[in-house]
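Peer 1: One structure, as structure tokens, below. Some questions next.
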Amino acid sequence: MDAPVPLSVIGGFLGTGKTTLLNQLLNNRSGVRFAVLVNDFGDIVVDGDLITEHNGQSMTFANGCVCCSLGNDLLAALTQLLQRDDPPEQIIVEASGVADPRNIADFAALNAELYRDLVIVLVDAQTLRQRALDERLSDTVRRQIAAADLIIMNKCDLVDDAERRATRLWLEAQRDDIPIIETEHARVPFDFLSAVPPSDAPVEETTQHPHAINHGELFRSETLDVAGPVDIAALRRSLEALPRSILRVKGFVPIQGRDEPFFLVQVSGNEVEISPWQGRAPARAGLIVIGTPDMPDKQQLAEIFSAEG
Amino acid sequence: MNSRRPIASHVAVRDGRILGAGPLEELAGWGAYELDERFAAKVIMPGLIEGHAHSWEGSAWEDTFVGYMARTAPNGVRHAGCDSIDEVVARLMDVEAAMTDPGEALMAWGFDPIYFDGPRMNLADLDRVSTTRPVLVMHASGHIVNGNSVLLARGNITASTNVQGLMKDGNGQPTGELQGPALRQIAYKAAGKDRFLDMGKGDSLWRFAYSAQRAGVTTATDLANELPEGTVESMAALTARDDFPLRIVPAFVGMSCSAEDGVKWVTSLIPRSNEKLRFGLVKLVADGSIQGFTARLKWPGYFNGAENGLWYIDPEELPQRLAAYHKAGLQVHIHTNGDQATEVTIDSIEQVLRQSPDADARFTLQHCQMAHDAHFRRMARLGICVNLFANHLYYWGDQHYAHTMGPERAHRMDAVGTAHRLGVAYTIHSDAPVTHLGPLFTAWCAVNRVTATGRVLGKNERIGVEDALHAITLGAAFTLKLDSEIGSIETGKRADFAILDDDPLSVDHMQLKDIPVWGTVIGGEVFPCSEIDCP
Ligand SMILES: [Zn+2]
């Protein structure tokens, strides 16, 4: 069986920037084949020459990505995707503003061919607190935030500093256990949203990739080499104890006492996943660590992992 | 139900339509006639109209009924209610014993544990039914299912499965109760059947039609159907047959596609309508159900303190969706159970009507169970119709009194009297198969407002028998914009009749629901219940 395909959910109310974010993924030039499931294609914008096929139900792009309409049967839509000749490397499902995104993530948790990646919730820095005061919406807003593994606080360019800080504090009061990242125009580093480690390139080259992290002011990433096979329990302990400033870790490592050459390592939100890798062999072992600017530096990270290992 | 001539001795029919109703001498003026005296000892009413039912009523009966209230199947067999988990299990064991294919799943529907105190249904209960074939019991809410061990094993659902809706016992083992859309779909897949996809297929449409016929219904909505091509084809083919005993008004449910695509699809369906099939209606769903605690309530919320329910549409998006369909000239019915959902929907309609004024859009609020006087006043002024869920009073009135709404709001629920008094165009419904299809029963509920245990909820909200009969005929036709064609017995309308063995205006109020239905007439074609041949 092939390695399970990661499935992430993007939730958030109308106007929080979900479509902008999805457009970025679909237009990525990093070679990751995303499948994006949306309710409404209407706002999906793709460079014309990038679309290779468009029927009523799906659009296929030259970069290997595909965008499909969700319809009312997610199970069937996912089955169809997984049965394609070129199945996607990562699936992203858009959830409506009032849906509980966990209900969608459950489909991944119940399917051996998928694994549940992030539940990402976008909030609009301009309107979040207003919505949270609206009697009709306040509990829905809170439930959505409770469901998130990661919150993207978008449109930070449209509020002043005091407002931005107040909104962030309000969010932190709801969730002090998950990353909250601040963005404008839904710009989030591609490496961060992609759960797929680049398996055909040496890990260390990733940061030089043209679409790798370039929002120096908001995010930082480090790559760590892994020397030899590591102890799985120790690795898990290190990953579970990472500071909140670290938003995501992904990569490949050899594990002591196991025959498989590499294990896939994923940390997203509160989830730590270490599983045997059956896909194409990566060039070398290593981890990419992505976080906010105040995350530990390379030296400190190396210590975190070696101290426990 | 013709207001100028509410009672007549004869009705003249030609080419499927009504020439007139009145004394024979008057009608003879139309020319040579053949006198049909089959119904001389019967009462002919306008064909009854069910403004909120689902073709799921037909597909549901392919499975074993395990509901709390007794029900008659489309084939006329009366099924007693199950008033305990043990009775559900006993019934399923009987059905299991008669099954021949050892691999086939045993499916049941209508299970309603809100009536039961004590422990929830668990794996051990359903393992008593079978340890070799999957057993799946769907709850009345439609959102929860119970399975046996075989079903869970086939669905690969184990103690280590980590999803919110998987109920586990104190030892971390699954109890067999599966909540939420993902687990429900996995369960159906594990059983090898998907009843939701069966809706609108041929056999289920026949069953739906027979259920309607037994209730004296000649026109029913199928009020929430995705209307995929296959369903449209089978609906069009069946309703074109002379022997198909029902006019169907399907409502396209515009929830899982963009309004733009919805407008395009529904508009393309309209020319495929026929005399017994009318496309063009659109349904949106604002919130969930009250007894499922998923309806959106205004302050102070649920009586038992349950947290507020769920929006099925973003309240900020509702006006946009309504506007898209409205501007395309399509009529929209909106499911609003809780009072907050009702209020948000009225606000949205008001906004849409300001942009695109239309004095006769007939937006219709479906269920609208908790609306209060101020809501009805606004509805009257905005020209919004309502279809109240009168059957709820009997089926779950006691639960609303004790758990969901509390006494005061339970008394005002499904406020038919207020709608009548304040001049809101109204009808009443069953939401079959949620409750049983039977407009005379629904009328009985509106007239008597009696719960299953005999408590009267909202004496002042009761309406008279004549008004209730109007609600289940012309009242319903009005909410469908079909009142010029059906709903009364008068010149020019379709010859659709319910043939009753007794007169609803002369029997005792409490007997209204018990009047036997002899059959129906649709477009002049006679359909006796005694001739129904249904598996
Ligand atoms: Zn319904």
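How things are named: the first chain in the structure tokens is A, the next is B, and so on; residues count from 1 in each chain; ligands count from 1 in the order shown.
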Please identify all protein, DNA and RNA residues within 10 Å of ligand 1, counting only C-alpha atoms and all ligand atoms, and report them as a PyMOL selection string.

Peer 2: chain B and resi 51-54+56+221-224+283+285+289+335+366-367+389+429-435

Peer 1: Can you check which parts of stretch 158-258 of chain B lie within 10 Å of stretch 99-116 of chain A? Per residue, the shortest pair of atoms and distance in Å to one decimal, counting only C-alpha atoms, sorted by chain and number, as CSV.

Peer 2:
residue,atom,partner,partner_atom,distance
B:Thr161,CA,A:Leu110,CA,7.1
B:Asn162,CA,A:Ala109,CA,6.8
B:Val163,CA,A:Asp106,CA,5.6
B:Gln164,CA,A:Asp106,CA,7.7
B:Gly165,CA,A:Asn103,CA,8.5
B:Gln179,CA,A:Asn103,CA,9.9
B:Gly180,CA,A:Asn103,CA,6.7
B:Pro181,CA,A:Asn103,CA,6.7
B:Ala182,CA,A:Phe107,CA,5.3
B:Leu183,CA,A:Leu110,CA,7.8
B:Gln185,CA,A:Phe107,CA,9.1
B:Ile186,CA,A:Leu110,CA,7.8

Peer 1: Mind listing the helix (DSSP H, G or I) residues of stretch 62-196 of chain A, per DSSP on the backbone, as a VMD selection string?

Peer 2: chain A and resid 74 to 82 101 to 109 128 to 133 138 to 147 156 to 158 161 to 174 190 to 193

Peer 1: At a cut-off of 10 Å, using only C-alpha atoms, what residues contact A:Ile151? Leave out same-chain residues fewer than 4 positions from it and give the result as a list in words.

Peer 2: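 Near neighbours after the sequence-gap exclusion: Ile10, Gly11, Gly12, Val119, Ile120, Val121, Leu122, Val123, Gln144, Ile145, Ala147, Leu171, Arg175, Ile178, Pro179, Ile180, Ile181, Glu182 and Gly269 of chain A.
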
Peer 1: Could you write out the selected residues, including all heavy atoms, as a CSV table (one decimal), in the first residue's frame?

Peer 2:
chain,number,residue,atom,x,y,z
A,10,ILE,N,-9.6,23.3,5.7
A,10,ILE,CA,-9.5,24.8,5.9
A,10,ILE,C,-10.9,25.3,6.2
A,10,ILE,O,-11.8,25.2,5.4
A,10,ILE,CB,-8.9,25.5,4.7
A,10,ILE,CG1,-7.4,25.0,4.5
A,10,ILE,CG2,-8.9,27.0,4.8
A,10,ILE,CD1,-6.6,25.7,3.5
A,11,GLY,N,-11.1,25.8,7.4
A,11,GLY,CA,-12.4,26.4,7.8
A,11,GLY,C,-12.2,27.9,8.0
A,11,GLY,O,-11.1,28.4,8.1
A,12,GLY,N,-13.4,28.5,8.1
A,12,GLY,CA,-13.4,30.0,8.4
A,12,GLY,C,-14.6,30.6,7.7
A,12,GLY,O,-15.1,30.0,6.7
A,119,VAL,N,-6.3,20.8,10.9
A,119,VAL,CA,-7.5,21.6,10.8
A,119,VAL,C,-7.1,23.0,10.9
A,119,VAL,O,-6.7,23.4,12.0
A,119,VAL,CB,-8.6,21.2,11.8
A,119,VAL,CG1,-9.7,22.2,11.8
A,119,VAL,CG2,-9.2,19.8,11.6
A,120,ILE,N,-7.2,23.7,9.8
A,120,ILE,CA,-6.7,25.1,9.8
A,120,ILE,C,-7.9,26.0,9.8
A,120,ILE,O,-8.8,25.8,9.0
A,120,ILE,CB,-5.9,25.4,8.5
A,120,ILE,CG1,-4.7,24.4,8.5
A,120,ILE,CG2,-5.5,26.8,8.5
A,120,ILE,CD1,-4.0,24.4,7.1
A,121,VAL,N,-8.0,27.0,10.7
A,121,VAL,CA,-9.1,27.9,10.7
A,121,VAL,C,-8.6,29.3,10.5
A,121,VAL,O,-7.7,29.8,11.1
A,121,VAL,CB,-9.9,27.8,12.1
A,121,VAL,CG1,-10.9,28.9,12.2
A,121,VAL,CG2,-10.6,26.5,12.2
A,122,LEU,N,-9.2,29.9,9.5
A,122,LEU,CA,-8.8,31.3,9.2
A,122,LEU,C,-9.8,32.2,9.9
A,122,LEU,O,-11.0,32.0,9.9
A,122,LEU,CB,-8.9,31.6,7.7
A,122,LEU,CG,-7.7,31.3,6.8
A,122,LEU,CD1,-7.8,29.9,6.2
A,122,LEU,CD2,-7.5,32.4,5.8
A,123,VAL,N,-9.2,33.3,10.5
A,123,VAL,CA,-10.1,34.3,11.0
A,123,VAL,C,-9.7,35.6,10.4
A,123,VAL,O,-8.5,35.8,10.0
A,123,VAL,CB,-10.0,34.3,12.6
A,123,VAL,CG1,-10.5,33.0,13.2
A,123,VAL,CG2,-8.6,34.7,13.1
A,144,GLN,N,-15.7,26.9,16.3
A,144,GLN,CA,-14.7,26.7,15.2
A,144,GLN,C,-13.3,26.8,15.7
A,144,GLN,O,-12.4,26.0,15.3
A,144,GLN,CB,-15.0,27.8,14.2
A,144,GLN,CG,-14.4,27.6,12.9
A,144,GLN,CD,-14.8,28.8,12.0
A,144,GLN,OE1,-14.4,29.9,12.2
A,144,GLN,NE2,-15.6,28.5,11.0
A,145,ILE,N,-13.1,27.8,16.6
A,145,ILE,CA,-11.7,28.0,17.1
A,145,ILE,C,-11.3,26.8,18.0
A,145,ILE,O,-10.2,26.3,18.0
A,145,ILE,CB,-11.6,29.3,17.9
A,145,ILE,CG1,-11.7,30.4,16.9
A,145,ILE,CG2,-10.4,29.4,18.8
A,145,ILE,CD1,-11.9,31.8,17.4
A,147,ALA,N,-12.1,23.9,17.4
A,147,ALA,CA,-11.8,22.7,16.5
A,147,ALA,C,-10.4,22.8,15.8
A,147,ALA,O,-10.0,21.9,15.2
A,147,ALA,CB,-12.9,22.6,15.4
A,171,LEU,N,-7.7,35.6,20.9
A,171,LEU,CA,-7.6,34.2,20.4
A,171,LEU,C,-6.8,33.4,21.4
A,171,LEU,O,-7.1,32.2,21.6
A,171,LEU,CB,-6.8,34.3,19.1
A,171,LEU,CG,-7.7,34.5,17.8
A,171,LEU,CD1,-6.8,34.8,16.6
A,171,LEU,CD2,-8.6,33.4,17.6
A,175,ARG,N,-7.4,29.7,23.0
A,175,ARG,CA,-6.6,28.5,22.7
A,175,ARG,C,-5.1,28.9,23.0
A,175,ARG,O,-4.5,29.7,22.2
A,175,ARG,CB,-6.7,28.1,21.2
A,175,ARG,CG,-8.0,27.6,20.7
A,175,ARG,CD,-8.4,26.3,21.4
A,175,ARG,NE,-7.5,25.2,21.2
A,175,ARG,CZ,-7.6,24.4,20.2
A,175,ARG,NH1,-8.5,24.4,19.3
A,175,ARG,NH2,-6.7,23.4,20.1
A,178,ILE,N,-2.3,26.0,20.7
A,178,ILE,CA,-2.0,25.8,19.3
A,178,ILE,C,-1.4,27.1,18.7
A,178,ILE,O,-1.5,28.2,19.3
A,178,ILE,CB,-3.3,25.5,18.5
A,178,ILE,CG1,-4.3,26.6,18.7
A,178,ILE,CG2,-3.9,24.1,18.9
A,178,ILE,CD1,-5.4,26.6,17.7
A,179,PRO,N,-0.7,26.9,17.6
A,179,PRO,CA,-0.1,28.1,16.9
A,179,PRO,C,-1.1,29.0,16.4
A,179,PRO,O,-2.2,28.6,15.8
A,179,PRO,CB,0.7,27.5,15.8
A,179,PRO,CG,0.7,26.0,15.9
A,179,PRO,CD,-0.4,25.6,16.9
A,180,ILE,N,-0.9,30.3,16.5
A,180,ILE,CA,-1.7,31.3,15.9
A,180,ILE,C,-0.8,32.1,15.0
A,180,ILE,O,0.2,32.7,15.6
A,180,ILE,CB,-2.4,32.2,17.0
A,180,ILE,CG1,-3.3,31.3,17.9
A,180,ILE,CG2,-3.2,33.3,16.3
A,180,ILE,CD1,-3.7,32.0,19.1
A,181,ILE,N,-1.0,32.1,13.7
A,181,ILE,CA,0.0,32.9,12.9
A,181,ILE,C,-0.7,34.1,12.3
A,181,ILE,O,-1.9,34.0,11.9
A,181,ILE,CB,0.7,32.0,11.9
A,181,ILE,CG1,-0.3,31.4,10.9
A,181,ILE,CG2,1.5,30.9,12.6
A,181,ILE,CD1,0.5,30.5,9.9
A,182,GLU,N,0.0,35.1,12.2
A,182,GLU,CA,-0.6,36.4,11.7
A,182,GLU,C,-0.1,36.6,10.2
A,182,GLU,O,1.1,36.4,9.9
A,182,GLU,CB,-0.1,37.6,12.5
A,182,GLU,CG,-0.6,37.4,14.0
A,182,GLU,CD,0.0,38.5,14.9
A,182,GLU,OE1,0.4,39.6,14.3
A,182,GLU,OE2,0.0,38.3,16.1
A,269,GLY,N,0.1,21.0,14.4
A,269,GLY,CA,-0.8,21.2,15.5
A,269,GLY,C,-0.4,20.4,16.7
A,269,GLY,O,0.8,20.4,17.0

Peer 1: Near B:Leu469, counting only C-alpha atoms, which residues have an atom at most 9 Å away, once you skip same-chain residues fewer than 6 positions from it, shown as an MDAnalysis selection string?

Peer 2: chainID B and resid 1 48 439:440 443 475 504

Peer 1: Those residues with N, CA and C atoms, as a PDB file, in the first residue's frame please?

Peer 2:
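Final file, again17.pdb:
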ATOM      1  N   MET B   1     -64.198  23.494  -0.648  1.00  0.00           N
ATOM      2  CA  MET B   1     -63.230  24.506  -0.236  1.00  0.00           C
ATOM      3  C   MET B   1     -63.272  25.730  -1.141  1.00  0.00           C
ATOM      4  N   LEU B  48     -55.922  16.131  -0.984  1.00  0.00           N
ATOM      5  CA  LEU B  48     -55.119  16.734   0.078  1.00  0.00           C
ATOM      6  C   LEU B  48     -53.706  17.004  -0.439  1.00  0.00           C
ATOM      7  N   PRO B 439     -52.435  14.073   6.173  1.00  0.00           N
ATOM      8  CA  PRO B 439     -52.916  15.431   6.445  1.00  0.00           C
ATOM      9  C   PRO B 439     -54.122  15.487   7.386  1.00  0.00           C
ATOM     10  N   LEU B 440     -54.971  14.449   7.388  1.00  0.00           N
ATOM     11  CA  LEU B 440     -56.101  14.500   8.321  1.00  0.00           C
ATOM     12  C   LEU B 440     -55.601  14.406   9.761  1.00  0.00           C
ATOM     13  N   ALA B 443     -54.141  17.796  10.507  1.00  0.00           N
ATOM     14  CA  ALA B 443     -55.241  18.720  10.814  1.00  0.00           C
ATOM     15  C   ALA B 443     -55.737  18.485  12.238  1.00  0.00           C
ATOM     16  N   GLY B 475     -54.468  25.983   1.396  1.00  0.00           N
ATOM     17  CA  GLY B 475     -53.358  26.623   2.122  1.00  0.00           C
ATOM     18  C   GLY B 475     -52.016  26.106   1.625  1.00  0.00           C
ATOM     19  N   PRO B 504     -65.441  15.078   7.563  1.00  0.00           N
ATOM     20  CA  PRO B 504     -64.586  15.698   8.591  1.00  0.00           C
ATOM     21  C   PRO B 504     -65.307  16.819   9.341  1.00  0.00           C
TER      22      PRO B 504
END

Peer 1: Here is a test: counting only C-alpha atoms, which residue of B:Asp86, B:Asp287, B:Asp15, B:Asp243 is nearest to chain A?

Peer 2: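 So, comparing all the options, the nearest one is B:Asp287.
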
Peer 1: Counting only C-alpha atoms, which residues from chain A have an atom at most 6 Å from any atom of chain B, and could you show them as an MDAnalysis selection string?

Peer 2: chainID A and resid 39:40 71:72 98 106:107

Peer 1: Keeping C-alpha atoms, export the residues of the selection given above as an mmCIF file, in the first residue's frame.

Peer 2:
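Once everything was written out, this is selection-v5.cif:
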data_model
loop_
_atom_site.group_PDB
_atom_site.id
_atom_site.type_symbol
_atom_site.label_atom_id
_atom_site.label_comp_id
_atom_site.auth_asym_id
_atom_site.auth_seq_id
_atom_site.Cartn_x
_atom_site.Cartn_y
_atom_site.Cartn_z
ATOM 1 C CA ASN A 39 -18.056 24.003 -2.488
ATOM 2 C CA ASP A 40 -17.890 26.570 -5.212
ATOM 3 C CA GLY A 71 -20.886 17.941 -3.629
ATOM 4 C CA ASN A 72 -22.812 16.307 -0.807
ATOM 5 C CA VAL A 98 -20.533 27.295 10.046
ATOM 6 C CA ASP A 106 -12.953 12.594 10.709
ATOM 7 C CA PHE A 107 -13.166 11.215 7.180
#

Peer 1: Which of stretch 316-352 of chain B end up as strand (DSSP E or B) when DSSP is run on this backbone - answer as a list in words?

Peer 2: Gln331, Val332, His333, Ile334, His335 and Thr336 of chain B

Peer 1: If I take atom CA of B:Gly301 and atom CA of A:Ser96, how far is one from the other in Å, to one decimal?

Peer 2: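 Atom-to-atom, atom CA of B:Gly301 and atom CA of A:Ser96 are spaced 24.1 Å apart.
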
Peer 1: Give the answer as one residue: which of B:Leu24, B:Ile486, B:Ala191, B:Leu246 has the shortest atom-to-atom distance to B:Thr520, using only C-alpha atoms?

Peer 2: B:Leu246

Peer 1: At what distance in Å, to one decimal, does atom CA of B:Pro250 lie from atom CA of B:Gly280?

Peer 2: 8.0 Å

Peer 1: As an exercise, work out the distance from atom CA of B:Glu485 to atom CA of B:Pro528 in Å and give it to one decimal place.

Peer 2: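 Calculated distance between atom CA of B:Glu485 and atom CA of B:Pro528 is 22.7 Å.
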
Peer 1: Return the single residue from A:Arg164, A:Gly15, A:Ala173, A:Cys68 that is closest to A:Gly97, with distances computed using only C-alpha atoms.

Peer 2: A:Gly15

Peer 1: Within 7 Å of stretch 126-140 of chain A, counting only C-alpha atoms, which residues qualify if same-chain residues fewer than 6 places away don't, as a list of chain:residue names?

Peer 2: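 Near neighbours after the sequence-gap exclusion: A:Val98, A:Lys155, A:Leu158, A:Val159, A:Thr167.
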
Peer 1: Determine the nearest neighbour of A:Asp294 from the options A:Ile246, A:Val226, A:Ala195, A:Ala76, counting only C-alpha atoms.

Peer 2: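 When distances to A:Asp294 are compared using only C-alpha atoms, the smallest one comes from A:Ile246.
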
Peer 1: Compile the contact shell of B:Asn391 as a PyMOL selection string: residues with an atom at most 9 Å away, counting only C-alpha atoms, same-chain residues fewer than 2 positions apart removed.

Peer 2: chain B and resi 388-389+393-397+428-431+435-436+441-446+449

Peer 1: What's the 10 Å shell around A:Ile51, counting only C-alpha atoms, without same-chain residues fewer than 4 positions away, as a PyMOL selection string?

Peer 2: chain A and resi 46-47+59-66
